[in-house]
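J.: So here's start-v1.tsv (TSV, C-alpha atoms and all ligand atoms).
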chain	number	residue	atom	x	y	z
A	46	MET	CA	3.11	25.69	-5.39
A	47	THR	CA	2.02	22.83	-3.15
A	48	ALA	CA	0.04	23.68	-0.01
A	49	LYS	CA	0.85	21.81	3.20
A	50	ILE	CA	-2.12	20.10	4.83
A	51	LYS	CA	-2.31	19.54	8.58
A	52	VAL	CA	-4.91	18.05	10.91
A	53	LEU	CA	-5.20	19.34	14.45
A	54	VAL	CA	-7.58	19.19	17.39
A	55	GLY	CA	-8.85	22.43	18.84
A	56	ASP	CA	-11.21	25.37	18.82
A	57	ILE	CA	-11.04	26.92	15.37
A	58	THR	CA	-11.77	30.40	16.74
A	59	THR	CA	-8.26	30.49	18.24
A	60	ARG	CA	-6.38	29.66	15.02
A	61	ARG	CA	-3.88	32.29	13.90
A	62	VAL	CA	-4.37	31.91	10.18
A	63	ASP	CA	-5.38	34.39	7.48
A	64	VAL	CA	-8.84	32.91	7.15
A	65	ILE	CA	-11.06	30.61	9.16
A	66	VAL	CA	-13.95	28.87	7.48
A	67	ASN	CA	-17.36	28.81	9.12
A	68	ALA	CA	-19.78	25.88	8.72
A	69	ALA	CA	-22.59	28.28	7.89
A	70	ASN	CA	-26.25	28.03	6.95
A	71	GLN	CA	-27.80	29.43	3.76
A	72	ARG	CA	-29.26	32.43	5.56
A	73	LEU	CA	-25.86	33.35	7.03
A	74	ILE	CA	-27.31	33.78	10.49
A	75	SER	CA	-25.56	32.80	13.68
A	76	GLY	CA	-26.58	29.28	14.67
A	77	GLY	CA	-25.19	26.66	17.02
A	78	GLY	CA	-22.05	24.53	16.73
A	79	VAL	CA	-18.93	26.02	15.25
A	80	CYS	CA	-20.99	28.78	13.60
A	81	GLY	CA	-22.27	30.04	16.95
A	82	ALA	CA	-18.75	29.84	18.41
A	83	ILE	CA	-17.29	31.87	15.50
A	84	HIS	CA	-19.98	34.56	15.73
A	85	ARG	CA	-19.52	34.85	19.51
A	86	ALA	CA	-15.73	34.99	19.32
A	87	ALA	CA	-15.89	37.58	16.54
A	88	GLY	CA	-17.73	39.81	18.99
A	89	GLY	CA	-21.46	39.47	18.56
A	90	PHE	CA	-23.71	41.04	15.97
A	91	GLU	CA	-21.30	42.75	13.58
A	92	LEU	CA	-20.37	39.59	11.71
A	93	GLU	CA	-23.98	38.61	11.13
A	94	SER	CA	-24.89	42.17	10.24
A	95	GLU	CA	-22.12	42.42	7.62
A	96	ALA	CA	-23.11	39.06	6.13
A	97	GLN	CA	-26.78	40.05	5.91
A	98	THR	CA	-25.98	43.42	4.37
A	99	ARG	CA	-23.50	42.17	1.78
A	100	TYR	CA	-25.34	38.96	0.90
A	101	PRO	CA	-29.07	39.65	1.34
A	102	GLU	CA	-29.90	36.55	-0.71
A	103	GLY	CA	-27.75	34.40	1.60
A	104	CYS	CA	-25.41	31.73	0.26
A	105	PRO	CA	-26.50	28.55	-1.58
A	106	THR	CA	-25.35	25.14	-0.39
A	107	GLY	CA	-21.92	24.28	-1.78
A	108	HIS	CA	-20.88	27.94	-2.06
A	109	ALA	CA	-18.95	30.34	0.15
A	110	VAL	CA	-18.81	34.08	0.89
A	111	GLU	CA	-16.42	36.16	2.99
A	112	THR	CA	-16.71	38.75	5.75
A	113	SER	CA	-14.25	40.50	8.04
A	114	ALA	CA	-13.22	38.61	11.16
A	115	TYR	CA	-13.65	41.38	13.78
A	116	ASN	CA	-12.20	40.19	17.14
A	117	LEU	CA	-10.91	36.88	15.78
A	118	PRO	CA	-7.16	36.49	15.15
A	119	ALA	CA	-7.90	35.71	11.48
A	120	LYS	CA	-8.22	38.41	8.79
A	121	TYR	CA	-11.36	36.98	7.20
A	122	VAL	CA	-14.13	34.51	7.87
A	123	ILE	CA	-15.28	32.49	4.89
A	124	HIS	CA	-18.83	31.27	5.38
A	125	ALA	CA	-19.21	27.95	3.54
A	126	VAL	CA	-22.54	26.15	3.41
A	127	GLY	CA	-22.24	22.38	3.51
A	128	PRO	CA	-25.08	20.00	2.69
A	129	ILE	CA	-27.54	18.51	5.16
A	130	TRP	CA	-27.14	14.72	5.11
A	131	TYR	CA	-30.25	13.05	3.64
A	132	GLY	CA	-28.71	9.60	3.19
A	133	GLY	CA	-26.09	10.29	0.54
A	134	GLU	CA	-28.19	10.02	-2.63
A	135	ASP	CA	-29.08	13.69	-2.74
A	136	GLY	CA	-25.80	15.07	-4.12
A	137	GLU	CA	-24.26	15.45	-0.66
A	138	PRO	CA	-20.66	14.44	-1.63
A	139	ALA	CA	-20.52	16.88	-4.57
A	140	LEU	CA	-21.99	19.68	-2.45
A	141	LEU	CA	-19.55	19.07	0.41
A	142	SER	CA	-16.64	19.01	-2.02
A	143	SER	CA	-17.91	22.22	-3.57
A	144	ALA	CA	-18.09	23.95	-0.17
A	145	TYR	CA	-14.37	23.22	0.38
A	146	ARG	CA	-13.41	24.07	-3.20
A	147	SER	CA	-15.32	27.37	-3.16
A	148	SER	CA	-13.67	28.32	0.14
A	149	LEU	CA	-10.18	27.61	-1.20
A	150	LEU	CA	-10.81	29.59	-4.40
A	151	LEU	CA	-12.19	32.53	-2.43
A	152	ALA	CA	-9.22	32.47	-0.05
A	153	GLU	CA	-6.91	32.43	-3.08
A	154	ASN	CA	-8.66	35.51	-4.47
A	155	LEU	CA	-8.27	37.23	-1.09
A	156	LYS	CA	-4.53	36.48	-1.31
A	157	CYS	CA	-4.60	34.43	1.89
A	158	GLU	CA	-1.64	32.19	2.70
A	159	SER	CA	-3.21	30.09	5.45
A	160	ILE	CA	-6.71	28.73	6.01
A	161	ALA	CA	-8.37	26.63	8.72
A	162	PHE	CA	-11.44	24.49	8.07
A	163	PRO	CA	-13.79	22.88	10.60
A	164	ASN	CA	-15.32	19.50	9.74
A	165	ILE	CA	-18.12	21.05	7.69
A	166	SER	CA	-21.55	19.32	7.79
A	167	THR	CA	-20.52	16.70	10.35
A	168	GLY	CA	-22.38	18.19	13.33
A	169	ILE	CA	-25.92	19.53	13.19
A	170	TYR	CA	-26.13	18.71	9.44
A	171	GLY	CA	-25.50	15.02	10.19
A	172	TYR	CA	-22.93	14.08	7.50
A	173	PRO	CA	-21.18	10.88	8.66
A	174	MET	CA	-17.69	11.92	9.70
A	175	ASP	CA	-15.86	9.03	7.99
A	176	LEU	CA	-17.56	9.74	4.66
A	177	ALA	CA	-17.00	13.48	4.97
A	178	ALA	CA	-13.30	12.87	5.62
A	179	LEU	CA	-13.01	10.90	2.35
A	180	VAL	CA	-14.68	13.71	0.38
A	181	VAL	CA	-12.42	16.35	1.93
A	182	ALA	CA	-9.26	14.31	1.27
A	183	GLY	CA	-10.30	13.80	-2.37
A	184	THR	CA	-11.02	17.49	-2.85
A	185	LEU	CA	-7.74	18.62	-1.30
A	186	ALA	CA	-5.78	16.05	-3.31
A	187	GLN	CA	-7.27	17.53	-6.49
A	188	MET	CA	-6.65	21.15	-5.55
A	189	LYS	CA	-3.52	21.40	-3.45
A	190	ASP	CA	-1.00	21.60	-6.28
A	191	ASP	CA	-2.92	24.33	-8.11
A	192	LEU	CA	-3.04	26.82	-5.25
A	193	ILE	CA	-0.80	29.85	-5.69
A	194	ASN	CA	-1.23	31.94	-2.54
A	195	ILE	CA	-2.33	29.33	-0.01
A	196	LYS	CA	0.61	27.56	1.60
A	197	LEU	CA	-1.04	26.03	4.66
A	198	ILE	CA	-4.40	24.26	4.99
A	199	GLU	CA	-5.42	23.28	8.52
A	200	LEU	CA	-8.25	20.85	9.15
A	201	CYS	CA	-9.33	21.72	12.67
A	202	ALA	CA	-11.21	18.86	14.32
A	203	PHE	CA	-13.02	19.33	17.62
A	204	ASP	CA	-11.91	16.02	19.15
A	205	SER	CA	-9.25	13.39	18.60
A	206	SER	CA	-11.53	10.74	17.08
A	207	ALA	CA	-12.63	13.20	14.39
A	208	ALA	CA	-9.01	14.18	13.78
A	209	ALA	CA	-8.06	10.51	13.36
A	210	LEU	CA	-10.65	10.03	10.60
A	211	TYR	CA	-9.44	13.06	8.63
A	212	ARG	CA	-5.80	12.12	9.20
A	213	ASN	CA	-6.38	8.59	7.91
A	214	ALA	CA	-8.23	9.84	4.84
A	215	LEU	CA	-5.36	12.24	4.01
A	216	LEU	CA	-2.78	9.52	4.64
A	217	GLU	CA	-4.58	7.22	2.19
A	218	ARG	CA	-4.21	9.98	-0.41
A	219	GLY	CA	-0.59	10.59	0.62
A	220	ILE	CA	-1.20	14.27	1.26
A	221	LEU	CA	-0.80	14.65	5.03
A	222	GLU	CA	1.97	16.91	6.34
A	223	VAL	CA	3.05	15.51	9.71
B	1	LIG	N1	-14.01	24.51	16.65
B	1	LIG	C1	-13.86	23.48	15.77
B	1	LIG	N2	-14.82	22.61	15.49
B	1	LIG	C2	-16.02	22.75	16.13
B	1	LIG	C3	-16.26	23.79	17.07
B	1	LIG	C4	-15.19	24.69	17.31
B	1	LIG	N3	-15.32	25.73	18.17
B	1	LIG	N4	-17.54	23.67	17.51
B	1	LIG	C5	-18.07	22.59	16.89
B	1	LIG	N5	-17.15	22.03	16.06
B	1	LIG	P1	-21.63	22.10	13.14
B	1	LIG	P2	-22.69	21.65	10.43
B	1	LIG	C6	-17.28	20.88	15.17
B	1	LIG	O1	-22.87	21.54	13.75
B	1	LIG	O2	-22.89	20.21	10.71
B	1	LIG	C7	-25.01	25.72	12.65
B	1	LIG	O3	-26.11	26.05	13.43
B	1	LIG	C8	-18.35	19.87	15.45
B	1	LIG	O4	-17.90	18.92	16.40
B	1	LIG	O5	-21.06	23.34	13.73
B	1	LIG	O6	-22.07	22.07	9.13
B	1	LIG	C9	-24.95	26.49	11.35
B	1	LIG	O7	-25.46	27.79	11.47
B	1	LIG	C10	-18.58	19.24	14.08
B	1	LIG	O8	-17.69	18.17	13.84
B	1	LIG	O9	-21.83	22.41	11.54
B	1	LIG	C11	-25.79	25.64	10.43
B	1	LIG	O10	-27.16	25.90	10.61
B	1	LIG	C12	-18.22	20.37	13.09
B	1	LIG	O11	-17.64	21.40	13.89
B	1	LIG	C13	-25.49	24.24	10.89
B	1	LIG	O12	-25.14	24.35	12.27
B	1	LIG	C14	-19.40	20.92	12.33
B	1	LIG	O13	-20.53	20.95	13.17
B	1	LIG	C15	-24.32	23.66	10.16
B	1	LIG	O14	-24.13	22.33	10.55
Rewrite the coordinates I just gave you, this time as structure tokens.

T.:
Amino acid sequence: MTAKIKVLVGDITTRRVDVIVNAANQRLISGGGVCGAIHRAAGGFELESEAQTRYPEGCPTGHAVETSAYNLPAKYVIHAVGPIWYGGEDGEPALLSSAYRSSLLLAENLKCESIAFPNISTGIYGYPMDLAALVVAGTLAQMKDDLINIKLIELCAFDSSAAALYRNALLERGILEV
């Protein structure tokens, strides 16, 4: 089964999909950016409390864990930890790819049919957006034909210039659903 991939501009907390992905930190605590927005929209402390209880060791960079979604329209939140950008020679591309891959595999195991990703690592963690878009497009190109349950992958950008970079990267790979 081939998953459709779409790019859109918006607030990921409003997406009506089975799972939204959070750009989390290793300690799984509520931070700023999209992470803060997801925790707030979910309804406050419960999300953080569940994450801390179920994953007391946190989540290593490049990996992902799931919690319930509380007041969000989604069924689950997958907390994926992207790399901090240190200049690109510190394994950042492989770790970013792994954060997306781990999220997709987890969503598959949860039998989710639709998933929305933010532009992981491109805010507070400083990953250059154009380079991140290339990594994401490469990862999705590798994985999209092997997904069984997932039929829709949304890349939810926060503004139109970010969306354009991800769209172009997917177009170059020939995997954008318009
Ligand atoms: N919907 C969609 N995208 C958003 C939203 C939103 N509501 N809010 C921000 N973005 P960031 P990171 C975009 O900084 O770089 C947190 O404190 C934003 O424009 O949220 O992975 C965590 O707890 C940017 O393009 O995540 C970690 O400590 C993208 O989301 C750390 O920041 C990611 O920006 C993670 O940093």

J.: Select from chain A every residue with an atom at most 8 Å from any atom of ligand LIG 1 (chain B), then for each give the shortest pair of atoms and their distance in Å to one decimal, using all atoms listed in the file, rows by chain and rising number, as JSON lines.

T.:
{"residue": "A:Val54", "atom": "CA", "partner": "B:LIG1", "partner_atom": "C1", "distance": 7.8}
{"residue": "A:Gly55", "atom": "CA", "partner": "B:LIG1", "partner_atom": "C1", "distance": 6.0}
{"residue": "A:Asp56", "atom": "CA", "partner": "B:LIG1", "partner_atom": "N1", "distance": 3.6}
{"residue": "A:Ile57", "atom": "CA", "partner": "B:LIG1", "partner_atom": "N1", "distance": 4.0}
{"residue": "A:Thr58", "atom": "CA", "partner": "B:LIG1", "partner_atom": "N3", "distance": 6.0}
{"residue": "A:Ala68", "atom": "CA", "partner": "B:LIG1", "partner_atom": "O6", "distance": 4.5}
{"residue": "A:Ala69", "atom": "CA", "partner": "B:LIG1", "partner_atom": "C9", "distance": 4.6}
{"residue": "A:Asn70", "atom": "CA", "partner": "B:LIG1", "partner_atom": "C11", "distance": 4.2}
{"residue": "A:Gln71", "atom": "CA", "partner": "B:LIG1", "partner_atom": "O10", "distance": 7.7}
{"residue": "A:Leu73", "atom": "CA", "partner": "B:LIG1", "partner_atom": "O7", "distance": 7.1}
{"residue": "A:Ile74", "atom": "CA", "partner": "B:LIG1", "partner_atom": "O7", "distance": 6.3}
{"residue": "A:Ser75", "atom": "CA", "partner": "B:LIG1", "partner_atom": "O7", "distance": 5.5}
{"residue": "A:Gly76", "atom": "CA", "partner": "B:LIG1", "partner_atom": "O3", "distance": 3.5}
{"residue": "A:Gly77", "atom": "CA", "partner": "B:LIG1", "partner_atom": "O3", "distance": 3.8}
{"residue": "A:Gly78", "atom": "CA", "partner": "B:LIG1", "partner_atom": "O5", "distance": 3.4}
{"residue": "A:Val79", "atom": "CA", "partner": "B:LIG1", "partner_atom": "N4", "distance": 3.5}
{"residue": "A:Cys80", "atom": "CA", "partner": "B:LIG1", "partner_atom": "O7", "distance": 5.0}
{"residue": "A:Gly81", "atom": "CA", "partner": "B:LIG1", "partner_atom": "O3", "distance": 6.6}
{"residue": "A:Ala82", "atom": "CA", "partner": "B:LIG1", "partner_atom": "N3", "distance": 5.4}
{"residue": "A:Ile83", "atom": "CA", "partner": "B:LIG1", "partner_atom": "N3", "distance": 7.0}
{"residue": "A:Val126", "atom": "CA", "partner": "B:LIG1", "partner_atom": "O6", "distance": 7.0}
{"residue": "A:Gly127", "atom": "CA", "partner": "B:LIG1", "partner_atom": "O6", "distance": 5.6}
{"residue": "A:Pro128", "atom": "CA", "partner": "B:LIG1", "partner_atom": "O6", "distance": 7.4}
{"residue": "A:Ile129", "atom": "CA", "partner": "B:LIG1", "partner_atom": "O14", "distance": 7.4}
{"residue": "A:Pro163", "atom": "CA", "partner": "B:LIG1", "partner_atom": "N2", "distance": 5.0}
{"residue": "A:Asn164", "atom": "CA", "partner": "B:LIG1", "partner_atom": "C12", "distance": 4.5}
{"residue": "A:Ile165", "atom": "CA", "partner": "B:LIG1", "partner_atom": "O6", "distance": 4.3}
{"residue": "A:Ser166", "atom": "CA", "partner": "B:LIG1", "partner_atom": "O6", "distance": 3.1}
{"residue": "A:Thr167", "atom": "CA", "partner": "B:LIG1", "partner_atom": "O2", "distance": 4.3}
{"residue": "A:Gly168", "atom": "CA", "partner": "B:LIG1", "partner_atom": "O13", "distance": 3.3}
{"residue": "A:Ile169", "atom": "CA", "partner": "B:LIG1", "partner_atom": "O1", "distance": 3.7}
{"residue": "A:Tyr170", "atom": "CA", "partner": "B:LIG1", "partner_atom": "O2", "distance": 3.8}
{"residue": "A:Gly171", "atom": "CA", "partner": "B:LIG1", "partner_atom": "O2", "distance": 5.8}
{"residue": "A:Tyr172", "atom": "CA", "partner": "B:LIG1", "partner_atom": "O2", "distance": 6.9}
{"residue": "A:Met174", "atom": "CA", "partner": "B:LIG1", "partner_atom": "O8", "distance": 7.5}
{"residue": "A:Cys201", "atom": "CA", "partner": "B:LIG1", "partner_atom": "C1", "distance": 5.8}
{"residue": "A:Ala202", "atom": "CA", "partner": "B:LIG1", "partner_atom": "N2", "distance": 5.3}
{"residue": "A:Phe203", "atom": "CA", "partner": "B:LIG1", "partner_atom": "N2", "distance": 4.3}
{"residue": "A:Asp204", "atom": "CA", "partner": "B:LIG1", "partner_atom": "O4", "distance": 7.2}
{"residue": "A:Ala207", "atom": "CA", "partner": "B:LIG1", "partner_atom": "O8", "distance": 7.1}

J.: Would you kindly return, as a short mmCIF file (atom, residue, chain, number, x, y, z; two decimals) with C-alpha atoms, in the frame of the given file, each protein, DNA or RNA residue with an atom no farther than 12 Å from any atom of A:Tyr100, considering all atoms listed in the file and excluding same-chain residues fewer than 5 positions away?

T.:
data_model
loop_
_atom_site.label_atom_id
_atom_site.label_comp_id
_atom_site.auth_asym_id
_atom_site.auth_seq_id
_atom_site.Cartn_x
_atom_site.Cartn_y
_atom_site.Cartn_z
CA GLN A 71 -27.80 29.43 3.76
CA ARG A 72 -29.26 32.43 5.56
CA LEU A 73 -25.86 33.35 7.03
CA ILE A 74 -27.31 33.78 10.49
CA LEU A 92 -20.37 39.59 11.71
CA GLU A 93 -23.98 38.61 11.13
CA SER A 94 -24.89 42.17 10.24
CA GLU A 95 -22.12 42.42 7.62
CA PRO A 105 -26.50 28.55 -1.58
CA ALA A 109 -18.95 30.34 0.15
CA VAL A 110 -18.81 34.08 0.89
CA GLU A 111 -16.42 36.16 2.99
CA THR A 112 -16.71 38.75 5.75
CA HIS A 124 -18.83 31.27 5.38
#

J.: Restricting the calculation to all atoms listed in the file: of A:His108, A:Arg212, A:Arg85, A:Arg99, which residue gets closest to A:Leu53?

T.: A:Arg212

J.: As lines of an AutoDock Vina configuration file, please report the centre and edge lengths, rounded to one decimal in Å, of the axis-aligned box that holds all listed atoms of stretch 142-151 of chain A with 6 Å of padding on each of the six sides.

T.:
center_x = -14.1
center_y = 25.8
center_z = -2.0
size_x = 19.9
size_y = 25.5
size_z = 16.8

J.: I'd like to know which of A:Leu149, A:Val64, A:Val122, A:Val223 is closest to A:Gln187, using only C-alpha atoms.

T.: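 Among the listed residues, the smallest separation from A:Gln187 belongs to A:Leu149.
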
J.: For a test of reading the model, state the distance in Å between atom CA of A:Arg60 and atom CA of A:Ile123, rounded to one decimal.

T.: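 Straight-line distance from atom CA of A:Arg60 to atom CA of A:Ile123 works out to 13.8 Å.
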
J.: How far is it from atom CA of A:Leu197 to atom CA of A:Thr47, in Å with one decimal?

T.: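 Taking atom CA of A:Leu197 as the start and atom CA of A:Thr47 as the end point, the length is 9.0 Å.
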
J.: Counting all atoms listed in the file, what is within 12 Å of A:Ala182, bar same-chain residues fewer than 4 positions away, as a PyMOL selection string?

T.: chain A and resi 50-52+138+141-142+145-146+164+175-178+186-189+198+200+210-221

J.: Starting from the point (-1.0, 34.3, -0.5), work out which residues of protein, DNA or RNA have an atom no more than 6 Å away when counting only C-alpha atoms; state them as a VMD selection string.

T.: chain A and resid 156 to 158 194 to 195

J.: Quick one, how far is atom CA of A:Asp135 from atom CA of A:Asp191?

T.: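 So the answer is 28.7 Å.
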